[in-house]
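Step one of this worksheet: look at the structure below.
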Amino acid sequence: MQNSVQLEPHLSRADRVSMWILMAAGAAIAVTTAVFAGIRIAEVLGNHDVEVLGEFTGTLAQAPIGPDGALIEVELDRAVLTVPSLPGAAVAALVLQQLAVVATIWTLVTTLGLVTVSAMRGRTFSRRNTRLVGTAGIVGVLGFAAVPFFGNMGANAAFAQLSQGTFDNVIMAVDLFPFVLGAFVAALAGTVFAVGDRLRREAEGLV
């Protein structure tokens, strides 16, 4: 007598088409990210009139948003700074920021793409896929922290350069809520795949 257990869900043609579309979109995002990062790195390495996004805290400015363009006092949150040139450490930080963006996006697209291909072949839950999902989660969380970290280093150097060290606006800001939420989602996904793999192995043992 033969016993059969369906360990993996059957994928319909529509499911497979959707997966191919998602993988194509991921590849397009990865390539686009690399292109824009390359453009930004070239701009930074040129080190002439470099635009840097700076964050402010408690800094007042005037904006022409009143009647007939009258100046109204506002509090700056962020602004683009144009710096004639940056010190070497700031240039390195901004280049590392773009490399971190590319490394994060490419790792996420590659690992999740491999998981998708495995699912299309009828094996969603496995130790390999659990490791891939775990890698994607860890890299995503680290990348989320590294990108603004290097960006803040470059911005603070820009403030110091423009003000000749007289404007104290040193900020190292990372929005904690998305960071914690991303870490939770990564941990949850890793747990789901680990449990799914264990249940699959247990079910295979019953066949």
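Order determines the names: the first chain of the structure tokens is A, the second B, and so forth; residues in each chain are numbered 1 upward, and ligands are numbered 1 upward as they are shown.
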
Those of segment 18-183 of chain A in DSSP helix (DSSP H, G or I), formatted as a ChimeraX atom specification: /A:18-46,67-69,88-120,127-163,176-183

Contact residues around segment 72-83 of chain A with only C-alpha atoms at 10 Å, ignoring same-chain residues under 4 positions, as a compact mmCIF listing (two decimals) with C-alpha atoms, in the first residue's frame:
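The new file around18.txt reads:
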```txt
# COMPACT_ATOMS: atom_id res chain seq x y z
CA ASN A 47 34.45 66.33 -5.49
CA HIS A 48 33.23 69.57 -7.04
CA ASP A 49 29.99 71.24 -5.93
CA VAL A 50 28.82 68.00 -4.33
CA GLU A 51 25.17 67.88 -3.24
CA VAL A 52 24.69 66.34 0.18
CA LEU A 53 21.42 65.77 2.02
CA GLY A 54 21.70 67.27 5.50
CA GLU A 55 19.39 66.85 8.47
CA PHE A 56 18.72 69.72 10.86
CA THR A 57 17.50 69.93 14.41
CA GLY A 58 16.09 73.13 15.92
CA THR A 59 17.35 75.25 13.01
CA LEU A 60 15.17 78.15 11.87
CA ALA A 61 15.07 79.56 8.36
CA GLN A 62 12.85 81.77 6.23
CA ALA A 63 10.75 80.52 3.31
CA PRO A 64 8.67 82.61 0.83
CA ILE A 65 5.38 80.95 1.66
CA GLY A 66 3.46 83.95 3.03
CA PRO A 67 1.07 86.27 1.16
CA ALA A 155 26.45 65.41 5.84
CA ALA A 157 31.44 66.83 7.18
CA ALA A 158 29.56 69.08 4.73
CA PHE A 159 28.21 71.20 7.60
CA GLN A 161 33.14 72.46 5.64
CA LEU A 162 30.53 75.11 4.86
```

Of the listed residues A:Asn156, A:Thr111, A:Ser118, A:Ser126, that which approaches Ala27 of chain A most closely, counting only C-alpha atoms: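 When distances to Ala27 of chain A are compared using only C-alpha atoms, the smallest one comes from A:Thr111.
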
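Selecting strand (DSSP E) from the backbone DSSP output for segment 20-143 of chain A yields Val50, Glu51, Val52, Leu53, Gly54, Glu55, Phe56, Thr57, Gly58, Thr59, Leu60, Ala61, Gln62, Ala63, Ile72, Glu73, Val74, Glu75, Leu76, Asp77, Arg78, Ala79, Val80, Leu81, Thr82 and Val83 of chain A.
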
Polymer residues at most 12 Å from Trp20 of chain A, only C-alpha atoms, same-chain spacing of 4 or more positions, as an MDAnalysis selection string: chainID A and resid 13:16 24:27 113:114 116:117 119:120

Pick from A:Val109, A:Val195, A:Ala186, A:Leu71 nearest to Arg127 of chain A, counting only C-alpha atoms: A:Val195
